[in-house]
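Raw contents of coords.pdb, PDB, C-alpha atoms and all ligand atoms:
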```pdb
ATOM      1  CA  MET A1481     -20.710 -36.192 -28.986
ATOM      2  CA  ARG A1482     -18.959 -35.855 -25.637
ATOM      3  CA  GLN A1483     -21.234 -34.583 -22.898
ATOM      4  CA  ILE A1484     -20.262 -32.974 -19.620
ATOM      5  CA  GLY A1485     -22.555 -31.948 -16.765
ATOM      6  CA  ILE A1486     -22.534 -28.287 -15.719
ATOM      7  CA  GLY A1487     -23.291 -26.871 -12.280
ATOM      8  CA  VAL A1488     -23.492 -23.084 -11.933
ATOM      9  CA  ILE A1489     -23.268 -21.469  -8.492
ATOM     10  CA  GLY A1490     -24.780 -17.981  -8.456
ATOM     11  CA  THR A1491     -27.649 -16.717 -10.578
ATOM     12  CA  GLY A1492     -26.727 -13.045 -10.932
ATOM     13  CA  PHE A1493     -25.122 -11.262 -13.853
ATOM     14  CA  MET A1494     -22.361 -13.815 -14.451
ATOM     15  CA  GLY A1495     -24.380 -16.916 -13.560
ATOM     16  CA  LYS A1496     -26.652 -16.077 -16.473
ATOM     17  CA  ALA A1497     -23.686 -15.305 -18.736
ATOM     18  CA  HIS A1498     -22.083 -18.684 -17.958
ATOM     19  CA  ALA A1499     -25.345 -20.543 -18.611
ATOM     20  CA  PHE A1500     -25.802 -18.793 -21.967
ATOM     21  CA  ALA A1501     -22.204 -19.527 -22.931
ATOM     22  CA  TYR A1502     -22.381 -23.242 -22.092
ATOM     23  CA  ARG A1503     -25.471 -23.556 -24.247
ATOM     24  CA  ALA A1504     -23.613 -22.073 -27.220
ATOM     25  CA  VAL A1505     -20.511 -24.294 -26.963
ATOM     26  CA  SER A1506     -21.566 -27.198 -29.161
ATOM     27  CA  GLY A1507     -22.574 -24.841 -31.967
ATOM     28  CA  ILE A1508     -19.041 -23.471 -32.099
ATOM     29  CA  PHE A1509     -16.967 -26.476 -30.965
ATOM     30  CA  PRO A1510     -18.627 -29.573 -32.425
ATOM     31  CA  GLY A1511     -17.805 -32.690 -30.443
ATOM     32  CA  THR A1512     -18.544 -31.443 -26.932
ATOM     33  CA  ARG A1513     -21.925 -30.615 -25.508
ATOM     34  CA  PRO A1514     -22.116 -29.141 -21.992
ATOM     35  CA  GLU A1515     -25.368 -30.170 -20.322
ATOM     36  CA  LEU A1516     -26.825 -27.678 -17.839
ATOM     37  CA  GLN A1517     -27.615 -29.864 -14.810
ATOM     38  CA  ILE A1518     -27.920 -27.887 -11.556
ATOM     39  CA  VAL A1519     -28.032 -24.214 -10.644
ATOM     40  CA  ALA A1520     -27.433 -23.120  -7.043
ATOM     41  CA  ASP A1521     -28.075 -19.857  -5.265
ATOM     42  CA  VAL A1522     -28.220 -18.993  -1.593
ATOM     43  CA  ASN A1523     -31.550 -17.421  -2.520
ATOM     44  CA  GLY A1524     -33.674 -20.485  -3.264
ATOM     45  CA  ALA A1525     -36.335 -18.505  -5.146
ATOM     46  CA  ALA A1526     -33.618 -17.071  -7.412
ATOM     47  CA  ALA A1527     -32.276 -20.569  -8.021
ATOM     48  CA  GLU A1528     -35.733 -21.828  -8.940
ATOM     49  CA  ARG A1529     -36.320 -18.870 -11.262
ATOM     50  CA  ALA A1530     -32.942 -19.336 -12.929
ATOM     51  CA  ALA A1531     -33.594 -23.038 -13.458
ATOM     52  CA  THR A1532     -36.801 -22.210 -15.318
ATOM     53  CA  GLN A1533     -35.368 -19.307 -17.295
ATOM     54  CA  LEU A1534     -32.019 -20.805 -18.203
ATOM     55  CA  GLY A1535     -32.951 -24.453 -18.659
ATOM     56  CA  PHE A1536     -31.507 -26.319 -15.671
ATOM     57  CA  PRO A1537     -33.538 -29.424 -14.774
ATOM     58  CA  ARG A1538     -32.516 -29.095 -11.096
ATOM     59  CA  TYR A1539     -31.807 -26.271  -8.640
ATOM     60  CA  THR A1540     -30.724 -25.967  -5.023
ATOM     61  CA  ASP A1541     -30.125 -23.351  -2.335
ATOM     62  CA  ASN A1542     -27.163 -25.370  -1.084
ATOM     63  CA  TRP A1543     -24.087 -25.174  -3.300
ATOM     64  CA  GLN A1544     -22.470 -28.099  -1.443
ATOM     65  CA  ASP A1545     -25.125 -30.404  -2.919
ATOM     66  CA  LEU A1546     -24.263 -29.196  -6.402
ATOM     67  CA  VAL A1547     -20.553 -29.766  -5.871
ATOM     68  CA  ALA A1548     -21.092 -33.303  -4.560
ATOM     69  CA  ASP A1549     -23.480 -34.354  -7.313
ATOM     70  CA  PRO A1550     -22.079 -37.083  -9.585
ATOM     71  CA  ALA A1551     -23.815 -35.591 -12.644
ATOM     72  CA  ILE A1552     -21.590 -32.506 -12.422
ATOM     73  CA  GLY A1553     -18.289 -32.416 -14.304
ATOM     74  CA  ILE A1554     -17.650 -28.655 -14.326
ATOM     75  CA  VAL A1555     -18.502 -26.213 -11.544
ATOM     76  CA  SER A1556     -18.930 -22.564 -12.507
ATOM     77  CA  ILE A1557     -18.382 -20.253  -9.552
ATOM     78  CA  THR A1558     -20.141 -16.926 -10.141
ATOM     79  CA  THR A1559     -20.686 -15.741  -6.583
ATOM     80  CA  PRO A1560     -19.131 -12.735  -4.788
ATOM     81  CA  ASN A1561     -15.362 -13.080  -4.501
ATOM     82  CA  ILE A1562     -15.157 -13.946  -0.813
ATOM     83  CA  PHE A1563     -16.869 -17.282  -1.528
ATOM     84  CA  HIS A1564     -14.685 -18.397  -4.434
ATOM     85  CA  ARG A1565     -11.966 -20.137  -2.430
ATOM     86  CA  GLU A1566     -14.270 -22.245  -0.244
ATOM     87  CA  MET A1567     -16.380 -23.286  -3.222
ATOM     88  CA  ALA A1568     -13.409 -24.008  -5.454
ATOM     89  CA  LEU A1569     -11.602 -26.094  -2.845
ATOM     90  CA  ALA A1570     -14.740 -28.170  -2.226
ATOM     91  CA  ALA A1571     -15.273 -28.678  -5.940
ATOM     92  CA  ILE A1572     -11.632 -29.603  -6.501
ATOM     93  CA  ALA A1573     -11.822 -32.094  -3.597
ATOM     94  CA  ALA A1574     -14.822 -33.660  -5.350
ATOM     95  CA  GLY A1575     -12.753 -33.976  -8.541
ATOM     96  CA  LYS A1576     -14.649 -31.344 -10.539
ATOM     97  CA  HIS A1577     -13.195 -29.019 -13.139
ATOM     98  CA  ILE A1578     -13.630 -25.349 -12.279
ATOM     99  CA  HIS A1579     -14.604 -22.211 -14.133
ATOM    100  CA  CYS A1580     -14.221 -19.484 -11.524
ATOM    101  CA  GLU A1581     -15.041 -15.850 -12.022
ATOM    102  CA  LYS A1582     -12.434 -13.182 -11.620
ATOM    103  CA  PRO A1583     -10.949 -11.902  -9.455
ATOM    104  CA  LEU A1584     -10.086 -15.385  -8.271
ATOM    105  CA  ALA A1585      -9.964 -14.334  -4.614
ATOM    106  CA  PRO A1586      -9.621 -11.267  -2.414
ATOM    107  CA  SER A1587      -6.005 -12.128  -1.514
ATOM    108  CA  THR A1588      -2.944 -13.665  -3.091
ATOM    109  CA  ALA A1589      -2.818 -16.357  -0.406
ATOM    110  CA  GLU A1590      -6.341 -17.519  -1.157
ATOM    111  CA  ALA A1591      -5.745 -17.516  -4.902
ATOM    112  CA  ARG A1592      -2.563 -19.528  -4.388
ATOM    113  CA  ASP A1593      -4.426 -22.092  -2.241
ATOM    114  CA  MET A1594      -6.883 -22.569  -5.068
ATOM    115  CA  MET A1595      -4.211 -22.834  -7.736
ATOM    116  CA  GLU A1596      -2.141 -25.338  -5.744
ATOM    117  CA  ALA A1597      -5.166 -27.510  -4.903
ATOM    118  CA  ALA A1598      -6.215 -27.603  -8.560
ATOM    119  CA  GLU A1599      -2.705 -28.476  -9.711
ATOM    120  CA  ALA A1600      -2.401 -31.258  -7.115
ATOM    121  CA  ALA A1601      -5.783 -32.705  -8.112
ATOM    122  CA  GLY A1602      -5.064 -32.395 -11.829
ATOM    123  CA  VAL A1603      -8.380 -30.730 -12.596
ATOM    124  CA  VAL A1604      -8.801 -28.251 -15.426
ATOM    125  CA  THR A1605      -9.349 -24.640 -14.447
ATOM    126  CA  GLN A1606     -10.399 -21.438 -16.127
ATOM    127  CA  VAL A1607     -10.717 -17.937 -14.737
ATOM    128  CA  GLY A1608     -13.390 -15.698 -16.211
ATOM    129  CA  TYR A1609     -11.198 -13.174 -17.975
ATOM    130  CA  ASN A1610     -13.170 -12.221 -21.031
ATOM    131  CA  TYR A1611     -10.457 -11.258 -23.447
ATOM    132  CA  ILE A1612      -7.520 -13.652 -23.151
ATOM    133  CA  LYS A1613      -8.901 -16.117 -25.712
ATOM    134  CA  ASN A1614     -10.208 -13.417 -28.023
ATOM    135  CA  PRO A1615      -8.849 -13.993 -31.560
ATOM    136  CA  LEU A1616      -7.997 -10.297 -31.720
ATOM    137  CA  LEU A1617      -5.422 -10.786 -28.966
ATOM    138  CA  GLY A1618      -4.056 -13.903 -30.649
ATOM    139  CA  LEU A1619      -3.390 -11.808 -33.725
ATOM    140  CA  ALA A1620      -1.803  -9.051 -31.628
ATOM    141  CA  ARG A1621       0.479 -11.626 -29.957
ATOM    142  CA  GLU A1622       1.481 -12.990 -33.369
ATOM    143  CA  MET A1623       2.254  -9.512 -34.654
ATOM    144  CA  ILE A1624       4.368  -8.787 -31.580
ATOM    145  CA  THR A1625       6.321 -12.037 -31.529
ATOM    146  CA  SER A1626       6.919 -12.068 -35.302
ATOM    147  CA  GLY A1627       8.484  -8.623 -35.038
ATOM    148  CA  GLU A1628       5.956  -7.168 -37.435
ATOM    149  CA  LEU A1629       5.388  -4.272 -35.065
ATOM    150  CA  GLY A1630       9.078  -3.764 -34.358
ATOM    151  CA  GLU A1631      10.388  -3.262 -30.858
ATOM    152  CA  ILE A1632       7.573  -2.790 -28.393
ATOM    153  CA  THR A1633       8.450  -0.064 -25.954
ATOM    154  CA  GLY A1634       5.174   0.423 -24.125
ATOM    155  CA  PHE A1635       1.770  -0.984 -23.368
ATOM    156  CA  ARG A1636      -1.005   1.276 -22.180
ATOM    157  CA  GLY A1637      -4.321  -0.312 -21.430
ATOM    158  CA  ILE A1638      -7.524   1.450 -20.519
ATOM    159  CA  HIS A1639     -10.784  -0.254 -19.690
ATOM    160  CA  ALA A1640     -13.566   2.293 -19.469
ATOM    161  CA  GLU A1641     -16.884   1.464 -17.846
ATOM    162  CA  ASP A1642     -19.273   3.754 -16.063
ATOM    163  CA  TYR A1643     -21.873   1.288 -14.908
ATOM    164  CA  MET A1644     -21.312   2.230 -11.255
ATOM    165  CA  ALA A1645     -21.032   5.946 -11.853
ATOM    166  CA  ASN A1646     -24.644   6.530 -10.892
ATOM    167  CA  PRO A1647     -24.702   7.820  -7.277
ATOM    168  CA  ASP A1648     -28.103   6.142  -6.859
ATOM    169  CA  GLU A1649     -26.630   2.719  -7.623
ATOM    170  CA  PRO A1650     -27.694   0.446  -4.727
ATOM    171  CA  TYR A1651     -25.021  -0.535  -2.213
ATOM    172  CA  SER A1652     -23.771  -4.079  -2.814
ATOM    173  CA  TRP A1653     -20.946  -6.509  -2.104
ATOM    174  CA  ARG A1654     -19.026  -4.904  -4.968
ATOM    175  CA  VAL A1655     -18.344  -1.759  -2.961
ATOM    176  CA  ASP A1656     -18.082  -3.395   0.442
ATOM    177  CA  PRO A1657     -14.417  -3.796   1.469
ATOM    178  CA  THR A1658     -15.345  -7.007   3.297
ATOM    179  CA  GLY A1659     -17.484  -8.149   0.402
ATOM    180  CA  GLY A1660     -14.832  -9.602  -1.768
ATOM    181  CA  GLN A1661     -12.718  -6.887  -3.303
ATOM    182  CA  ALA A1662      -9.006  -7.370  -3.040
ATOM    183  CA  PRO A1663      -7.252  -4.599  -1.096
ATOM    184  CA  LEU A1664      -6.050  -3.146  -4.375
ATOM    185  CA  LEU A1665      -9.587  -2.667  -5.564
ATOM    186  CA  ILE A1666     -10.382   0.262  -3.419
ATOM    187  CA  SER A1667     -13.066   1.768  -5.529
ATOM    188  CA  ALA A1668     -15.813   0.696  -7.846
ATOM    189  CA  VAL A1669     -13.948   2.302 -10.721
ATOM    190  CA  THR A1670     -10.868   0.106 -10.348
ATOM    191  CA  LEU A1671     -13.076  -2.983 -10.461
ATOM    192  CA  SER A1672     -13.138  -2.818 -14.234
ATOM    193  CA  ALA A1673      -9.348  -2.589 -14.401
ATOM    194  CA  TRP A1674      -9.072  -6.360 -13.943
ATOM    195  CA  HIS A1675      -9.857  -6.713 -17.624
ATOM    196  CA  VAL A1676      -6.810  -4.674 -18.528
ATOM    197  CA  PHE A1677      -4.576  -6.678 -16.202
ATOM    198  CA  SER A1678      -5.717  -9.845 -17.918
ATOM    199  CA  LEU A1679      -4.147  -8.572 -21.142
ATOM    200  CA  VAL A1680      -0.686  -8.370 -19.602
ATOM    201  CA  PRO A1681       0.226 -11.952 -20.626
ATOM    202  CA  LEU A1682       0.209 -10.584 -24.163
ATOM    203  CA  THR A1683       3.482  -8.943 -23.285
ATOM    204  CA  ARG A1684       4.845 -11.969 -21.439
ATOM    205  CA  SER A1685       7.417 -12.692 -24.117
ATOM    206  CA  LEU A1686       8.714  -9.160 -23.765
ATOM    207  CA  PRO A1687      10.877  -7.649 -21.077
ATOM    208  CA  ILE A1688       8.590  -5.869 -18.665
ATOM    209  CA  SER A1689       9.629  -3.085 -16.361
ATOM    210  CA  LYS A1690       7.565  -2.004 -13.389
ATOM    211  CA  PRO A1691       3.890  -1.793 -14.272
ATOM    212  CA  LEU A1692       2.219   1.302 -12.882
ATOM    213  CA  LEU A1693      -0.156  -0.918 -10.985
ATOM    214  CA  ARG A1694       0.416  -4.618 -10.530
ATOM    215  CA  ALA A1695      -2.759  -6.273  -9.384
ATOM    216  CA  ASP A1696      -2.899  -9.871 -10.541
ATOM    217  CA  PRO A1697      -1.327 -11.980  -7.770
ATOM    218  CA  LEU A1698      -0.463 -14.811 -10.142
ATOM    219  CA  LEU A1699       1.502 -12.793 -12.669
ATOM    220  CA  PRO A1700       5.279 -13.289 -12.691
ATOM    221  CA  GLU A1701       7.511 -10.661 -11.165
ATOM    222  CA  PRO A1702       8.527  -8.062 -13.744
ATOM    223  CA  ALA A1703      11.954  -8.667 -15.281
ATOM    224  CA  SER A1704      14.673  -6.518 -13.776
ATOM    225  CA  ASP A1705      16.618  -5.951 -17.006
ATOM    226  CA  ALA A1706      13.648  -4.514 -18.767
ATOM    227  CA  ARG A1707      13.981  -2.623 -22.001
ATOM    228  CA  SER A1708      10.316  -2.029 -22.599
ATOM    229  CA  ARG A1709       7.640  -0.783 -20.282
ATOM    230  CA  SER A1710       4.310  -2.318 -19.447
ATOM    231  CA  THR A1711       2.225   0.504 -18.127
ATOM    232  CA  ILE A1712      -1.200  -0.484 -16.976
ATOM    233  CA  LEU A1713      -3.582   2.296 -16.219
ATOM    234  CA  PRO A1714      -6.961   1.697 -14.660
ATOM    235  CA  ALA A1715      -9.697   3.697 -16.321
TER
HETATM  236  N1  LIG A1801     -15.836 -11.722 -16.203
HETATM  237  C1  LIG A1801     -16.538 -10.605 -16.101
HETATM  238  O1  LIG A1801     -16.594  -9.764 -16.995
HETATM  239  C2  LIG A1801     -17.293 -10.329 -14.826
HETATM  240  C3  LIG A1801     -18.281  -9.353 -14.815
HETATM  241  C4  LIG A1801     -19.004  -9.148 -13.643
HETATM  242  C5  LIG A1801     -18.715  -9.879 -12.508
HETATM  243  N2  LIG A1801     -17.712 -10.810 -12.541
HETATM  244  C6  LIG A1801     -17.413 -11.633 -11.359
HETATM  245  O2  LIG A1801     -18.442 -12.628 -11.237
HETATM  246  C7  LIG A1801     -18.725 -12.866  -9.859
HETATM  247  C8  LIG A1801     -20.202 -12.588  -9.596
HETATM  248  O3  LIG A1801     -20.530 -11.302 -10.034
HETATM  249  P1  LIG A1801     -22.031 -10.943 -10.507
HETATM  250  O4  LIG A1801     -21.934  -9.637 -11.203
HETATM  251  O5  LIG A1801     -22.652 -12.093 -11.206
HETATM  252  O6  LIG A1801     -22.692 -10.740  -9.058
HETATM  253  P2  LIG A1801     -24.226 -10.754  -8.693
HETATM  254  O7  LIG A1801     -24.342 -10.050  -7.404
HETATM  255  O8  LIG A1801     -25.063 -10.298  -9.861
HETATM  256  O9  LIG A1801     -24.559 -12.312  -8.485
HETATM  257  C9  LIG A1801     -24.002 -13.055  -7.432
HETATM  258  C10 LIG A1801     -24.935 -14.228  -7.165
HETATM  259  O10 LIG A1801     -24.337 -15.076  -6.184
HETATM  260  C11 LIG A1801     -25.355 -15.458  -5.253
HETATM  261  N3  LIG A1801     -24.720 -15.849  -4.004
HETATM  262  C12 LIG A1801     -24.160 -15.044  -3.067
HETATM  263  N4  LIG A1801     -23.662 -15.783  -2.063
HETATM  264  C13 LIG A1801     -23.918 -17.079  -2.371
HETATM  265  C14 LIG A1801     -23.650 -18.315  -1.716
HETATM  266  N5  LIG A1801     -23.009 -18.351  -0.542
HETATM  267  N6  LIG A1801     -24.072 -19.455  -2.310
HETATM  268  C15 LIG A1801     -24.713 -19.429  -3.505
HETATM  269  N7  LIG A1801     -24.984 -18.280  -4.166
HETATM  270  C16 LIG A1801     -24.590 -17.125  -3.604
HETATM  271  C17 LIG A1801     -26.255 -14.227  -5.152
HETATM  272  O11 LIG A1801     -27.520 -14.548  -4.606
HETATM  273  C18 LIG A1801     -26.313 -13.785  -6.611
HETATM  274  O12 LIG A1801     -27.329 -14.473  -7.329
HETATM  275  C19 LIG A1801     -17.767 -11.964  -9.085
HETATM  276  O13 LIG A1801     -16.604 -12.684  -8.785
HETATM  277  C20 LIG A1801     -17.456 -10.844 -10.072
HETATM  278  O14 LIG A1801     -16.208 -10.212  -9.824
HETATM  279  C21 LIG A1801     -17.019 -11.064 -13.689
END
```
Give the structure from the file, written as structure tokens.
Ligand SMILES: NC(=O)c1ccc[n+]([C@@H]2O[C@H](COP(=O)([O-])OP(=O)(O)OC[C@H]3O[C@@H](n4cnc5c(N)ncnc54)[C@H](O)[C@@H]3O)[C@@H](O)[C@H]2O)c1
Amino acid sequence: MRQIGIGVIGTGFMGKAHAFAYRAVSGIFPGTRPELQIVADVNGAAAERAATQLGFPRYTDNWQDLVADPAIGIVSITTPNIFHREMALAAIAAGKHIHCEKPLAPSTAEARDMMEAAEAAGVVTQVGYNYIKNPLLGLAREMITSGELGEITGFRGIHAEDYMANPDEPYSWRVDPTGGQAPLLISAVTLSAWHVFSLVPLTRSLPISKPLLRADPLLPEPASDARSRSTILPA
């Protein structure tokens, strides 16, 4: 059984989700067992609590210690978006593989820095889009490329969430323009649209004309001689 040490930075919603997911890996993919090693949070009490609740033997309030630790093979970055680049570059420099939450960064330039550093270092990376490896999408891709569905002339994606619809929802980094949202993400509602954008690669083998809203900085430019349309509508 191959083992690999896991360090998770951030103990909020996604930090917990990553920890749960790593624990389930060996049950689904026999042969590899991620070992939860260190959890980091700027809030030391939260880090300590998460270590107890999620099963990390060590915790820290200093993410740099986690990144430098030789027991860590994969660094999960689950902090607000403005911190992703700094954390990812440090982890890449230390030779760690990265699982970074989406959106990768608040700007294209920052995301590109991260991508180029990872490519130069030869580390493995993953961005936390939830649906791109979903078997349902694999089947959809197969049905599209085999021609089973005929000529695809449009793609309309809607991701509907109302978790921030409550006017009493506390203010947080999610709605703070300096708190990590890319300029395109001007409202809490559009935040959820990232999940629709992540489905666009499904149509990559097809000619794509101008999407209604193009928000993923790493997607290729739409083809100019498009015959079909990729229309992406935020909920
Ligand atoms: N893939 C998905 O479906 C999905 C869903 C929600 C959020 N996200 C992404 O995950 C990331 C985190 O979102 P969340 O909902 O978990 O946020 P959250 O606010 O629940 O948690 C963020 C955590 O990061 C910690 N933190 C903040 N600054 C830190 C620092 N400098 N060093 C160490 N820890 C620090 C906070 O204390 C908190 O525990 C964001 O990039 C968000 O866009 C992805």
message = What residues of the protein or nucleic acid chains come within 10 Å of ligand LIG 1801 (chain A) when you use all atoms listed in the file? Reply as an NGL selection string.
response = :A and (1488-1498 or 1519-1527 or 1530 or 1540-1544 or 1557-1564 or 1566-1567 or 1580-1586 or 1607-1611 or 1652-1654 or 1660-1661 or 1671-1672 or 1674-1675)
note = Across A:Gly1575, A:Asn1646, A:Ala1501, A:Pro1514, the smallest distance to Asp1549 (chain A), with only C-alpha atoms counted, is shown by A:Gly1575
Test item: residues at most 8 Å from Gly1553 (chain A), all atoms listed in the file, excluding those fewer than 2 positions along its chain, as a VMD selection string = chain A and resid 1484 to 1487 1550 to 1551 1555 1576 to 1577
Write out, as a compact mmCIF listing (two decimals), in the frame of the given file, the residues just selected, with C-alpha atoms.
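Dumped everything to out08.txt:
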```txt
# COMPACT_ATOMS: atom_id res chain seq x y z
CA ILE A 1484 -20.26 -32.97 -19.62
CA GLY A 1485 -22.56 -31.95 -16.76
CA ILE A 1486 -22.53 -28.29 -15.72
CA GLY A 1487 -23.29 -26.87 -12.28
CA PRO A 1550 -22.08 -37.08 -9.59
CA ALA A 1551 -23.82 -35.59 -12.64
CA VAL A 1555 -18.50 -26.21 -11.54
CA LYS A 1576 -14.65 -31.34 -10.54
CA HIS A 1577 -13.20 -29.02 -13.14
```
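The coordinates place CA of Arg1565 (chain A) at 26.9 Å from CA of Gly1535 (chain A).
When CA of Arg1621 (chain A) is paired with CA of Gly1637 (chain A), their separation reads 15.0 Å.
Interatomic distance, CA of Ala1589 (chain A) against CA of Asp1656 (chain A): 20.0 Å.
The residue that comes closest to Glu1599 (chain A), out of A:Ile1578, A:Ala1640, A:Met1623, A:Met1481 and on the basis of all atoms listed in the file, is A:Ile1578.
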message = Please enumerate the residues selected by the PyMOL selection byres (((chain A and resi 1513) around 10) and not hetatm) when evaluated against the supplied file, formatted as a VMD selection string.
response = chain A and resid 1481 to 1485 1502 to 1507 1509 to 1512 1514 to 1516
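With distances taken over all atoms listed in the file, A:Ala1574 is the one residue among A:Glu1528, A:Ala1574, A:Leu1569, A:Gln1517 lying closest to Val1547 (chain A).
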inquiry  = When you count only C-alpha atoms, which of these residues is closest to Val1604 (chain A): A:Ile1638, A:Ile1572, A:Leu1619, A:Ala1531?
reply    = A:Ile1572
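Among the candidates A:Ala1548, A:Ala1645, A:Ile1518, A:Ala1597, the residue lying nearest to Ala1568 (chain A) is A:Ala1597 (atoms considered: only C-alpha atoms).
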Region 1608-1620 of chain A: axis-aligned bounding box, 8 Å on each side, centre and edge lengths in Å, one decimal, as AutoDock Vina command-line options:
```
--center_x -7.6 --center_y -12.6 --center_z -25.0 --size_x 27.6 --size_y 23.1 --size_z 33.5
```
